[in-house]
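So this one's final08.pdb, PDB, C-alpha atoms, pLDDT in the B column:
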ATOM      1  CA  MET A  57     129.659  62.905 198.351  1.00 83.00           C
ATOM      2  CA  LYS A  58     129.064  63.572 194.671  1.00 93.00           C
ATOM      3  CA  ILE A  59     130.930  62.347 191.651  1.00 97.00           C
ATOM      4  CA  ASP A  60     131.339  65.325 189.358  1.00 97.00           C
ATOM      5  CA  SER A  61     132.633  63.716 186.165  1.00 98.00           C
ATOM      6  CA  THR A  62     134.838  61.138 184.529  1.00 97.00           C
ATOM      7  CA  GLU A  63     136.935  60.905 181.405  1.00 96.00           C
ATOM      8  CA  PHE A  64     139.404  58.318 180.197  1.00 97.00           C
ATOM      9  CA  GLY A  65     142.024  58.030 182.950  1.00 97.00           C
ATOM     10  CA  SER A  66     140.390  60.138 185.656  1.00 98.00           C
ATOM     11  CA  ILE A  67     137.383  60.679 187.876  1.00 98.00           C
ATOM     12  CA  THR A  68     136.453  63.834 189.807  1.00 98.00           C
ATOM     13  CA  VAL A  69     134.735  63.563 193.194  1.00 98.00           C
ATOM     14  CA  ASN A  70     133.717  66.674 195.158  1.00 96.00           C
ATOM     15  CA  GLY A  71     136.086  68.759 193.064  1.00 97.00           C
ATOM     16  CA  THR A  72     139.106  66.475 193.530  1.00 98.00           C
ATOM     17  CA  THR A  73     140.401  64.657 190.450  1.00 98.00           C
ATOM     18  CA  TYR A  74     141.890  61.180 190.796  1.00 98.00           C
ATOM     19  CA  SER A  75     144.009  59.655 188.037  1.00 98.00           C
ATOM     20  CA  HIS A  76     143.474  56.082 189.257  1.00 98.00           C
ATOM     21  CA  ASP A  77     140.628  53.700 190.020  1.00 98.00           C
ATOM     22  CA  ILE A  78     138.804  54.532 193.241  1.00 98.00           C
ATOM     23  CA  LEU A  79     136.587  53.008 195.896  1.00 98.00           C
ATOM     24  CA  ILE A  80     134.086  55.201 197.713  1.00 97.00           C
ATOM     25  CA  ARG A  81     133.293  53.854 201.178  1.00 96.00           C
ATOM     26  CA  LEU A  82     129.963  54.208 203.004  1.00 94.00           C
ATOM     27  CA  SER A  83     131.509  57.075 204.980  1.00 93.00           C
ATOM     28  CA  GLY A  84     132.295  58.918 201.742  1.00 93.00           C
ATOM     29  CA  GLU A  85     136.026  58.291 202.090  1.00 96.00           C
ATOM     30  CA  VAL A  86     137.713  57.893 198.709  1.00 98.00           C
ATOM     31  CA  VAL A  87     140.501  55.302 198.586  1.00 97.00           C
ATOM     32  CA  LYS A  88     142.631  53.944 195.776  1.00 98.00           C
ATOM     33  CA  ARG A  89     141.377  50.669 194.347  1.00 98.00           C
ATOM     34  CA  LYS A  90     143.555  47.657 195.224  1.00 97.00           C
ATOM     35  CA  LYS A  91     143.729  46.210 191.697  1.00 96.00           C
ATOM     36  CA  LYS A  92     146.522  43.834 192.683  1.00 97.00           C
ATOM     37  CA  LEU A  93     143.963  41.776 194.617  1.00 97.00           C
ATOM     38  CA  SER A  94     142.435  40.765 191.277  1.00 97.00           C
ATOM     39  CA  LYS A  95     145.425  41.033 188.985  1.00 96.00           C
ATOM     40  CA  LYS A  96     147.314  38.300 190.843  1.00 96.00           C
ATOM     41  CA  TYR A  97     144.549  35.805 189.980  1.00 96.00           C
ATOM     42  CA  TYR A  98     143.569  36.862 186.482  1.00 96.00           C
ATOM     43  CA  GLY A  99     146.577  38.763 185.182  1.00 96.00           C
ATOM     44  CA  THR A 100     144.305  41.765 184.689  1.00 95.00           C
ATOM     45  CA  SER A 101     142.304  44.166 186.803  1.00 95.00           C
ATOM     46  CA  HIS A 102     139.336  43.737 184.466  1.00 97.00           C
ATOM     47  CA  THR A 103     137.973  40.779 186.433  1.00 98.00           C
ATOM     48  CA  ILE A 104     137.096  41.401 190.083  1.00 98.00           C
ATOM     49  CA  SER A 105     138.310  38.526 192.281  1.00 98.00           C
ATOM     50  CA  ARG A 106     136.665  37.298 195.449  1.00 98.00           C
ATOM     51  CA  GLU A 107     139.623  38.699 197.406  1.00 98.00           C
ATOM     52  CA  GLU A 108     139.035  42.170 195.975  1.00 98.00           C
ATOM     53  CA  ALA A 109     135.288  41.778 196.598  1.00 98.00           C
ATOM     54  CA  GLU A 110     136.053  41.089 200.264  1.00 98.00           C
ATOM     55  CA  PHE A 111     138.138  44.285 200.425  1.00 98.00           C
ATOM     56  CA  VAL A 112     135.442  46.349 198.688  1.00 98.00           C
ATOM     57  CA  TYR A 113     132.482  45.092 200.735  1.00 98.00           C
ATOM     58  CA  GLU A 114     131.501  46.860 203.953  1.00 96.00           C
ATOM     59  CA  LYS A 115     129.127  45.471 206.533  1.00 95.00           C
ATOM     60  CA  GLY A 116     125.812  47.242 206.158  1.00 92.00           C
ATOM     61  CA  CYS A 117     126.104  48.174 202.488  1.00 95.00           C
ATOM     62  CA  SER A 118     123.170  47.132 200.343  1.00 95.00           C
ATOM     63  CA  THR A 119     124.395  48.255 196.926  1.00 96.00           C
ATOM     64  CA  LEU A 120     127.682  48.324 195.055  1.00 97.00           C
ATOM     65  CA  VAL A 121     127.772  50.558 192.000  1.00 98.00           C
ATOM     66  CA  LEU A 122     130.591  49.220 189.873  1.00 98.00           C
ATOM     67  CA  GLY A 123     131.916  51.488 187.150  1.00 98.00           C
ATOM     68  CA  ALA A 124     133.224  48.989 184.618  1.00 98.00           C
ATOM     69  CA  GLY A 125     135.491  51.430 182.780  1.00 97.00           C
ATOM     70  CA  GLN A 126     134.804  53.950 180.052  1.00 97.00           C
ATOM     71  CA  TYR A 127     133.935  51.120 177.646  1.00 96.00           C
ATOM     72  CA  GLY A 128     132.551  48.652 180.195  1.00 96.00           C
ATOM     73  CA  ASN A 129     135.408  46.125 180.176  1.00 96.00           C
ATOM     74  CA  VAL A 130     135.351  45.150 183.880  1.00 98.00           C
ATOM     75  CA  THR A 131     133.392  42.109 185.070  1.00 98.00           C
ATOM     76  CA  LEU A 132     132.854  40.237 188.308  1.00 98.00           C
ATOM     77  CA  SER A 133     134.299  36.766 188.641  1.00 98.00           C
ATOM     78  CA  PRO A 134     131.693  34.132 189.523  1.00 98.00           C
ATOM     79  CA  GLU A 135     133.245  33.935 193.005  1.00 98.00           C
ATOM     80  CA  ALA A 136     132.972  37.702 193.532  1.00 98.00           C
ATOM     81  CA  ALA A 137     129.366  37.712 192.297  1.00 98.00           C
ATOM     82  CA  GLU A 138     128.527  34.899 194.730  1.00 98.00           C
ATOM     83  CA  PHE A 139     130.264  36.771 197.567  1.00 98.00           C
ATOM     84  CA  PHE A 140     128.124  39.884 197.040  1.00 98.00           C
ATOM     85  CA  LYS A 141     124.972  37.789 196.644  1.00 98.00           C
ATOM     86  CA  HIS A 142     125.733  35.938 199.892  1.00 98.00           C
ATOM     87  CA  HIS A 143     126.017  39.313 201.673  1.00 98.00           C
ATOM     88  CA  ASP A 144     122.748  40.611 200.173  1.00 97.00           C
ATOM     89  CA  CYS A 145     124.624  43.341 198.334  1.00 97.00           C
ATOM     90  CA  ARG A 146     123.122  44.198 194.962  1.00 96.00           C
ATOM     91  CA  VAL A 147     125.713  44.957 192.277  1.00 98.00           C
ATOM     92  CA  ILE A 148     124.949  47.485 189.559  1.00 98.00           C
ATOM     93  CA  LEU A 149     127.575  47.031 186.839  1.00 98.00           C
ATOM     94  CA  GLU A 150     127.669  49.756 184.185  1.00 98.00           C
ATOM     95  CA  PRO A 151     130.232  51.640 182.102  1.00 98.00           C
ATOM     96  CA  THR A 152     131.782  54.263 184.373  1.00 98.00           C
ATOM     97  CA  PRO A 153     130.060  57.308 182.771  1.00 98.00           C
ATOM     98  CA  ASP A 154     126.655  55.677 183.433  1.00 98.00           C
ATOM     99  CA  ALA A 155     127.712  54.326 186.828  1.00 98.00           C
ATOM    100  CA  ILE A 156     128.564  57.774 188.178  1.00 97.00           C
ATOM    101  CA  GLU A 157     125.014  58.920 187.407  1.00 97.00           C
ATOM    102  CA  THR A 158     123.622  55.810 189.092  1.00 97.00           C
ATOM    103  CA  TYR A 159     125.866  56.320 192.116  1.00 97.00           C
ATOM    104  CA  ASN A 160     124.824  59.946 192.486  1.00 96.00           C
ATOM    105  CA  LYS A 161     121.125  58.929 192.375  1.00 94.00           C
ATOM    106  CA  THR A 162     121.370  55.951 194.747  1.00 91.00           C
ATOM    107  CA  ARG A 163     123.994  57.029 197.294  1.00 80.00           C
ATOM    108  CA  GLU A 164     121.519  58.716 199.630  1.00 76.00           C
ATOM    109  CA  LYS A 165     118.615  56.306 199.173  1.00 77.00           C
ATOM    110  CA  ALA A 166     120.567  53.137 199.900  1.00 78.00           C
ATOM    111  CA  LYS A 167     123.702  52.201 201.750  1.00 93.00           C
ATOM    112  CA  THR A 168     125.824  52.422 198.625  1.00 96.00           C
ATOM    113  CA  ILE A 169     129.517  51.957 197.961  1.00 96.00           C
ATOM    114  CA  GLY A 170     131.168  52.652 194.621  1.00 97.00           C
ATOM    115  CA  LEU A 171     134.065  51.095 192.752  1.00 98.00           C
ATOM    116  CA  PHE A 172     135.129  52.904 189.606  1.00 98.00           C
ATOM    117  CA  HIS A 173     137.568  51.830 186.897  1.00 98.00           C
ATOM    118  CA  VAL A 174     138.684  54.926 184.988  1.00 97.00           C
ATOM    119  CA  THR A 175     140.278  53.509 181.845  1.00 95.00           C
ATOM    120  CA  CYS A 176     139.081  50.929 179.322  1.00 89.00           C
TER
END
Turn this file's structure into structure tokens for me.
Amino acid sequence: MKIDSTEFGSITVNGTTYSHDILIRLSGEVVKRKKKLSKKYYGTSHTISREEAEFVYEKGCSTLVLGAGQYGNVTLSPEAAEFFKHHDCRVILEPTPDAIETYNKTREKAKTIGLFHVTC
């Protein structure tokens, strides 16, 4: 599983371009991000809620690479940060262009999942 590129509004993984936020599971499966899990609490998908963190997390993952958007506007809520900490899952939060490089470097060394916001 390799992320090829990103630009505002899209991300390309193994040659397939997605025009929405994505989650890459430990298995390499790419699924659409469930932004509503955060939006219902904060009115925006730019703050990750604990409920979304619970959906994102997979037993056995040690690292979450979180692409915070092209300009880095996404953050973790304190509750989501505590959830990942409690599960010994390190979170690397970077603007999406940087996060795809980090994901590609860490995906094989660690049990890594990726969540990528493709706009702001």
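Among A:Phe140, A:Phe64, A:Tyr159, A:Tyr97, the residue with the shortest atom-to-atom distance to Gly125 in chain A, counting all atoms listed in the file, is A:Phe64.
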Using Å and a single decimal, report how far CA of Thr73 in chain A sits from CA of Thr103 in chain A. 24.3 Å
Axis-aligned box for all listed atoms of range 138-154 of chain A, 4 Å per side, centre and edges in Å to one decimal, as lines of an AutoDock Vina configuration file:
center_x = 127.3
center_y = 46.1
center_z = 191.9
size_x = 17.0
size_y = 30.4
size_z = 27.6
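The nearest approach to Lys95 in chain A among the residues A:Ser133, A:Gly116, A:Val174, A:Val147, with only C-alpha atoms taken into account, belongs to A:Ser133.
In this model, the gap between CA of Ser66 in chain A and CA of Val121 in chain A comes to 17.1 Å.
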Give me the residues within 10 Å of range 164-173 of chain A as a PyMOL selection string, counting all atoms listed in the file and dropping any in the same chain fewer than 5 places off. chain A and resi 57+62+64-67+76-89+91+101-102+112-130+145-153+155-156+158-159
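Atom pair CA of Ser105 in chain A / CA of His142 in chain A has a distance of 14.9 Å (rounded to one decimal).
Nearest residue to Ile104 in chain A, choosing from A:Lys161, A:Asp154, A:Glu138, A:Thr72 and counting all atoms listed in the file: A:Glu138.
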Matched chain/residue IDs from the PyMOL selection byres ((chain A and resi 109) around 9), as an NGL selection string: :A and (93-94 or 104-108 or 110-113 or 132 or 135-137 or 139-140)
